[in-house]
Amino acid sequence: MLPLPTSRLRFREMTDSDLPDIASLDLGGSRGPAGWIAWNRRNYEEHGFGLWVVETHDGGFVGDCGLTLQEVEGTWLVEVGWHVRSDLRRQGYATEAAESVKNAARAAGVEHLIAIIRPHNTPSQRVAAKIGLVLEREVEKRGGPALVFGADLA
């Protein structure tokens, strides 16, 4: 399952050769870039989805965007997530990629899609709103407050 290309972007699975590009993203967490790639490759095998590399049609690395399973207050939900290179932000890439991923999730039968976003990350909150996700609740996630945006896709 890969999202359909957009007018500017295409998607592909991550490989170990993506390590330098993945290392350029602000991923947070404790996995590190190599662990991030390994985690996504496991997700592809186990779930048929993960975060995919997002690149321009001429192969320029933009970031990653895709679907992961996330636990929220004891329930496992499908989350859309994205990371864009810092020098390419504010050009609509995250919204464009996330919209295509949302459409792929709908086509795959995902009934409810979420995005988990830190309260201070207003750019990602805007992306979530632009793709039709609305604030559902605030939770504690990985040691701090997080906002859960969501929408029914079915």
# chains A, B, ... in the order shown; residues from 1 in each chain; ligands from 1

$ residues_around --residues "Arg42 of chain A" --least-positions-apart "4" --cutoff "12 Å" --atoms "only C-alpha atoms" --output "list in words"
Glu13, Met14, Thr15, Gly35, Trp36, Ile37, Ala38, Glu46, His47, Gly48, Phe49, Gly50, Leu51, Thr68 and Leu69 of chain A

$ select_by_dssp --residues "segment 5-153 of chain A" --states "alpha helix (DSSP H)" --output "JSON, numbers by chain"
{"A": [19, 20, 21, 22, 23, 32, 33, 34, 35, 36, 37, 38, 39, 40, 41, 42, 43, 44, 45, 46, 47, 93, 94, 95, 96, 97, 98, 99, 100, 101, 102, 103, 104, 105, 106, 107, 122, 123, 124, 125, 126, 127, 128, 129, 130]}

$ write_last_selection --atoms "N, CA and C atoms" --output "short mmCIF file (atom, residue, chain, number, x, y, z; two decimals), in the first residue's frame"
data_model
loop_
_atom_site.label_atom_id
_atom_site.label_comp_id
_atom_site.auth_asym_id
_atom_site.auth_seq_id
_atom_site.Cartn_x
_atom_site.Cartn_y
_atom_site.Cartn_z
N LEU A 19 19.44 6.52 5.28
CA LEU A 19 19.91 6.96 6.59
C LEU A 19 20.36 8.43 6.62
N PRO A 20 21.19 8.91 5.68
CA PRO A 20 21.59 10.32 5.75
C PRO A 20 20.41 11.29 5.66
N ASP A 21 19.43 10.98 4.81
CA ASP A 21 18.26 11.85 4.69
C ASP A 21 17.39 11.79 5.93
N ILE A 22 17.14 10.59 6.44
CA ILE A 22 16.31 10.45 7.64
C ILE A 22 16.99 11.15 8.82
N ALA A 23 18.32 11.09 8.87
CA ALA A 23 19.06 11.76 9.95
C ALA A 23 18.90 13.28 9.90
N GLY A 32 16.44 7.02 17.14
CA GLY A 32 17.54 7.42 16.28
C GLY A 32 17.20 7.11 14.83
N PRO A 33 17.94 7.69 13.88
CA PRO A 33 17.61 7.51 12.47
C PRO A 33 17.62 6.05 12.00
N ALA A 34 18.62 5.27 12.38
CA ALA A 34 18.67 3.86 11.96
C ALA A 34 17.52 3.08 12.56
N GLY A 35 17.22 3.34 13.83
CA GLY A 35 16.08 2.68 14.48
C GLY A 35 14.76 3.09 13.85
N TRP A 36 14.68 4.34 13.41
CA TRP A 36 13.47 4.84 12.75
C TRP A 36 13.21 4.06 11.47
N ILE A 37 14.26 3.87 10.67
CA ILE A 37 14.12 3.11 9.43
C ILE A 37 13.74 1.67 9.73
N ALA A 38 14.40 1.05 10.70
CA ALA A 38 14.10 -0.34 11.05
C ALA A 38 12.65 -0.47 11.53
N TRP A 39 12.19 0.47 12.35
CA TRP A 39 10.81 0.45 12.86
C TRP A 39 9.82 0.53 11.70
N ASN A 40 10.07 1.42 10.76
CA ASN A 40 9.15 1.56 9.64
C ASN A 40 9.17 0.33 8.74
N ARG A 41 10.33 -0.27 8.54
CA ARG A 41 10.40 -1.48 7.72
C ARG A 41 9.63 -2.63 8.40
N ARG A 42 9.70 -2.70 9.73
CA ARG A 42 8.88 -3.70 10.45
C ARG A 42 7.39 -3.39 10.27
N ASN A 43 7.04 -2.10 10.34
CA ASN A 43 5.63 -1.72 10.15
C ASN A 43 5.13 -2.13 8.77
N TYR A 44 5.94 -1.95 7.72
CA TYR A 44 5.52 -2.37 6.38
C TYR A 44 5.19 -3.86 6.37
N GLU A 45 6.07 -4.65 7.00
CA GLU A 45 5.89 -6.11 7.00
C GLU A 45 4.70 -6.53 7.85
N GLU A 46 4.56 -5.93 9.03
CA GLU A 46 3.53 -6.37 9.97
C GLU A 46 2.14 -5.79 9.66
N HIS A 47 2.09 -4.56 9.15
CA HIS A 47 0.80 -3.87 9.00
C HIS A 47 0.47 -3.47 7.56
N TYR A 93 4.17 21.08 1.65
CA TYR A 93 4.50 19.68 1.42
C TYR A 93 3.84 18.75 2.43
N ALA A 94 3.85 19.11 3.71
CA ALA A 94 3.26 18.23 4.72
C ALA A 94 1.76 18.04 4.46
N THR A 95 1.06 19.12 4.15
CA THR A 95 -0.37 19.02 3.89
C THR A 95 -0.64 18.17 2.65
N GLU A 96 0.13 18.40 1.61
CA GLU A 96 -0.05 17.65 0.36
C GLU A 96 0.19 16.16 0.58
N ALA A 97 1.26 15.83 1.29
CA ALA A 97 1.57 14.41 1.56
C ALA A 97 0.52 13.80 2.49
N ALA A 98 0.15 14.52 3.55
CA ALA A 98 -0.80 13.98 4.53
C ALA A 98 -2.17 13.76 3.92
N GLU A 99 -2.58 14.62 3.00
CA GLU A 99 -3.87 14.44 2.32
C GLU A 99 -3.86 13.15 1.49
N SER A 100 -2.77 12.90 0.78
CA SER A 100 -2.67 11.67 0.00
C SER A 100 -2.66 10.44 0.90
N VAL A 101 -1.96 10.53 2.03
CA VAL A 101 -1.92 9.42 2.99
C VAL A 101 -3.31 9.19 3.58
N LYS A 102 -4.04 10.26 3.89
CA LYS A 102 -5.40 10.12 4.42
C LYS A 102 -6.28 9.40 3.40
N ASN A 103 -6.17 9.77 2.14
CA ASN A 103 -6.96 9.12 1.09
C ASN A 103 -6.59 7.64 0.96
N ALA A 104 -5.31 7.31 1.10
CA ALA A 104 -4.87 5.91 1.06
C ALA A 104 -5.43 5.13 2.24
N ALA A 105 -5.46 5.78 3.41
CA ALA A 105 -6.03 5.13 4.60
C ALA A 105 -7.51 4.83 4.39
N ARG A 106 -8.22 5.80 3.85
CA ARG A 106 -9.66 5.60 3.58
C ARG A 106 -9.84 4.43 2.60
N ALA A 107 -9.06 4.41 1.53
CA ALA A 107 -9.17 3.35 0.52
C ALA A 107 -8.84 1.98 1.11
N THR A 122 2.24 24.22 16.57
CA THR A 122 1.12 24.80 15.84
C THR A 122 1.18 24.56 14.33
N PRO A 123 2.36 24.50 13.69
CA PRO A 123 2.36 24.18 12.26
C PRO A 123 1.73 22.81 11.96
N SER A 124 2.04 21.81 12.77
CA SER A 124 1.43 20.49 12.55
C SER A 124 -0.06 20.50 12.87
N GLN A 125 -0.47 21.31 13.85
CA GLN A 125 -1.90 21.43 14.12
C GLN A 125 -2.63 22.01 12.91
N ARG A 126 -1.99 22.96 12.22
CA ARG A 126 -2.60 23.54 11.01
C ARG A 126 -2.70 22.48 9.90
N VAL A 127 -1.66 21.65 9.76
CA VAL A 127 -1.71 20.58 8.76
C VAL A 127 -2.88 19.66 9.06
N ALA A 128 -3.01 19.26 10.31
CA ALA A 128 -4.11 18.36 10.70
C ALA A 128 -5.46 18.98 10.34
N ALA A 129 -5.63 20.26 10.65
CA ALA A 129 -6.90 20.93 10.33
C ALA A 129 -7.13 21.00 8.82
N LYS A 130 -6.08 21.25 8.06
CA LYS A 130 -6.23 21.37 6.60
C LYS A 130 -6.66 20.05 5.97
#

$ closest_residue --among "A:Ala108, A:Val78, A:Val84, A:Val72" --to "Arg137 of chain A" --atoms "only C-alpha atoms"
A:Val72

$ select_by_dssp --residues "segment 109-153 of chain A" --states "strand (DSSP E)" --output "PyMOL selection string"
chain A and resi 112-117+134-141+144-152

$ residues_around --residues "His57 of chain A" --least-positions-apart "6" --cutoff "7 Å" --atoms "only C-alpha atoms" --output "list in words"
Arg8, Leu9 and Arg10 of chain A

$ residues_around --residues "Glu140 of chain A" --least-positions-apart "2" --cutoff "12 Å" --atoms "only C-alpha atoms" --output "list in words"
Glu71, Val72, Glu73, Gly74, Ile116, Ile117, Arg118, Pro119, Arg137, Glu138, Arg142, Gly143, Gly144, Pro145, Ala146, Leu147 and Val148 of chain A

$ atom_distance --atom1 "atom CA of Arg90 of chain A" --atom2 "atom CA of Asn121 of chain A"
13.2 Å

$ atom_distance --atom1 "atom CA of Val54 of chain A" --atom2 "atom CA of Phe11 of chain A"
4.9 Å

$ residues_around --residues "Leu113 of chain A" --least-positions-apart "3" --cutoff "7 Å" --atoms "only C-alpha atoms" --output "NGL selection string"
:A and (78-80 or 110 or 150-153)

$ write_last_selection --atoms "all heavy atoms" --output "PDB file, in the first residue's frame"
ATOM      1  N   VAL A  78      -4.972   4.205  14.234  1.00  0.00           N
ATOM      2  CA  VAL A  78      -4.111   4.496  13.087  1.00  0.00           C
ATOM      3  C   VAL A  78      -3.856   6.001  13.060  1.00  0.00           C
ATOM      4  O   VAL A  78      -4.787   6.802  13.033  1.00  0.00           O
ATOM      5  CB  VAL A  78      -4.739   4.025  11.761  1.00  0.00           C
ATOM      6  CG1 VAL A  78      -3.836   4.386  10.585  1.00  0.00           C
ATOM      7  CG2 VAL A  78      -4.990   2.521  11.794  1.00  0.00           C
ATOM      8  N   GLU A  79      -2.571   6.336  13.058  1.00  0.00           N
ATOM      9  CA  GLU A  79      -2.167   7.744  13.055  1.00  0.00           C
ATOM     10  C   GLU A  79      -1.510   8.103  11.732  1.00  0.00           C
ATOM     11  O   GLU A  79      -0.716   7.334  11.191  1.00  0.00           O
ATOM     12  CB  GLU A  79      -1.166   8.025  14.174  1.00  0.00           C
ATOM     13  CG  GLU A  79      -0.736   9.493  14.181  1.00  0.00           C
ATOM     14  CD  GLU A  79       0.461   9.813  15.055  1.00  0.00           C
ATOM     15  OE1 GLU A  79       1.333   8.957  15.248  1.00  0.00           O
ATOM     16  OE2 GLU A  79       0.517  10.963  15.517  1.00  0.00           O
ATOM     17  N   VAL A  80      -1.819   9.285  11.222  1.00  0.00           N
ATOM     18  CA  VAL A  80      -1.075   9.867  10.114  1.00  0.00           C
ATOM     19  C   VAL A  80       0.003  10.757  10.733  1.00  0.00           C
ATOM     20  O   VAL A  80      -0.270  11.525  11.653  1.00  0.00           O
ATOM     21  CB  VAL A  80      -1.978  10.666   9.141  1.00  0.00           C
ATOM     22  CG1 VAL A  80      -2.754  11.766   9.837  1.00  0.00           C
ATOM     23  CG2 VAL A  80      -1.161  11.229   7.987  1.00  0.00           C
ATOM     24  N   VAL A 110      -9.486   2.117   6.674  1.00  0.00           N
ATOM     25  CA  VAL A 110      -9.305   2.706   8.009  1.00  0.00           C
ATOM     26  C   VAL A 110     -10.547   3.525   8.320  1.00  0.00           C
ATOM     27  O   VAL A 110     -10.936   4.397   7.538  1.00  0.00           O
ATOM     28  CB  VAL A 110      -8.024   3.577   8.056  1.00  0.00           C
ATOM     29  CG1 VAL A 110      -7.931   4.323   9.379  1.00  0.00           C
ATOM     30  CG2 VAL A 110      -6.786   2.726   7.812  1.00  0.00           C
ATOM     31  N   GLY A 150      -8.538  14.067  15.105  1.00  0.00           N
ATOM     32  CA  GLY A 150      -9.050  12.871  14.447  1.00  0.00           C
ATOM     33  C   GLY A 150     -10.222  13.171  13.535  1.00  0.00           C
ATOM     34  O   GLY A 150     -10.793  14.261  13.541  1.00  0.00           O
ATOM     35  N   ALA A 151     -10.560  12.144  12.731  1.00  0.00           N
ATOM     36  CA  ALA A 151     -11.720  12.220  11.841  1.00  0.00           C
ATOM     37  C   ALA A 151     -12.133  10.826  11.452  1.00  0.00           C
ATOM     38  O   ALA A 151     -11.295   9.923  11.278  1.00  0.00           O
ATOM     39  CB  ALA A 151     -11.394  13.030  10.582  1.00  0.00           C
ATOM     40  N   ASP A 152     -13.435  10.631  11.327  1.00  0.00           N
ATOM     41  CA  ASP A 152     -13.962   9.384  10.777  1.00  0.00           C
ATOM     42  C   ASP A 152     -13.756   9.397   9.269  1.00  0.00           C
ATOM     43  O   ASP A 152     -14.044  10.402   8.608  1.00  0.00           O
ATOM     44  CB  ASP A 152     -15.454   9.237  11.101  1.00  0.00           C
ATOM     45  CG  ASP A 152     -15.694   8.971  12.577  1.00  0.00           C
ATOM     46  OD1 ASP A 152     -14.819   8.394  13.239  1.00  0.00           O
ATOM     47  OD2 ASP A 152     -16.781   9.347  13.059  1.00  0.00           O
ATOM     48  N   LEU A 153     -13.280   8.287   8.732  1.00  0.00           N
ATOM     49  CA  LEU A 153     -13.063   8.176   7.299  1.00  0.00           C
ATOM     50  C   LEU A 153     -14.133   7.330   6.615  1.00  0.00           C
ATOM     51  O   LEU A 153     -14.301   7.419   5.402  1.00  0.00           O
ATOM     52  CB  LEU A 153     -11.679   7.568   6.998  1.00  0.00           C
ATOM     53  CG  LEU A 153     -10.467   8.312   7.549  1.00  0.00           C
ATOM     54  CD1 LEU A 153      -9.194   7.617   7.104  1.00  0.00           C
ATOM     55  CD2 LEU A 153     -10.473   9.770   7.118  1.00  0.00           C
TER      56      LEU A 153
END

$ closest_residue --among "A:Ile114, A:Val139, A:Gly109, A:Trp76" --to "Ala154 of chain A" --atoms "only C-alpha atoms"
A:Gly109

$ atom_distance --atom1 "atom CA of Pro3 of chain A" --atom2 "atom CA of Trp52 of chain A"
8.9 Å

$ closest_atom_pairs --of "segment 60-128 of chain A" --to "segment 26-30 of chain A" --cutoff "9 Å" --atoms "only C-alpha atoms" --output "JSON lines"
{"residue": "A:His83", "atom": "CA", "partner": "A:Asp26", "partner_atom": "CA", "distance": 7.1}
{"residue": "A:Val84", "atom": "CA", "partner": "A:Asp26", "partner_atom": "CA", "distance": 8.2}
{"residue": "A:Arg85", "atom": "CA", "partner": "A:Asp26", "partner_atom": "CA", "distance": 7.8}
{"residue": "A:Ser86", "atom": "CA", "partner": "A:Asp26", "partner_atom": "CA", "distance": 7.9}

$ write_last_selection --atoms "all heavy atoms" --output "compact mmCIF listing (two decimals), in the first residue's frame"
# COMPACT_ATOMS: atom_id res chain seq x y z
N HIS A 83 7.00 14.38 8.71
CA HIS A 83 8.20 15.16 9.04
C HIS A 83 8.73 15.72 7.73
O HIS A 83 8.89 14.98 6.77
CB HIS A 83 9.28 14.29 9.69
CG HIS A 83 8.83 13.59 10.92
ND1 HIS A 83 8.29 12.32 10.89
CD2 HIS A 83 8.81 14.00 12.21
CE1 HIS A 83 7.97 11.98 12.13
NE2 HIS A 83 8.27 12.97 12.94
N VAL A 84 8.99 17.01 7.70
CA VAL A 84 9.51 17.67 6.50
C VAL A 84 10.85 18.31 6.86
O VAL A 84 11.00 18.88 7.96
CB VAL A 84 8.52 18.73 5.97
CG1 VAL A 84 9.11 19.55 4.83
CG2 VAL A 84 7.22 18.05 5.52
N ARG A 85 11.81 18.20 5.94
CA ARG A 85 13.11 18.86 6.14
C ARG A 85 12.89 20.31 6.55
O ARG A 85 12.04 21.00 5.98
CB ARG A 85 13.93 18.85 4.85
CG ARG A 85 14.65 17.60 4.59
CD ARG A 85 15.49 17.63 3.33
NE ARG A 85 15.80 18.96 2.78
CZ ARG A 85 16.00 19.18 1.50
NH1 ARG A 85 15.92 18.21 0.61
NH2 ARG A 85 16.30 20.40 1.07
N SER A 86 13.66 20.79 7.50
CA SER A 86 13.44 22.15 8.04
C SER A 86 13.53 23.22 6.95
O SER A 86 12.79 24.20 6.99
CB SER A 86 14.40 22.44 9.18
OG SER A 86 15.73 22.34 8.74

$ closest_residue --among "A:Leu135, A:Phe149, A:Leu2, A:Ser7" --to "Asp58 of chain A" --atoms "only C-alpha atoms"
A:Ser7
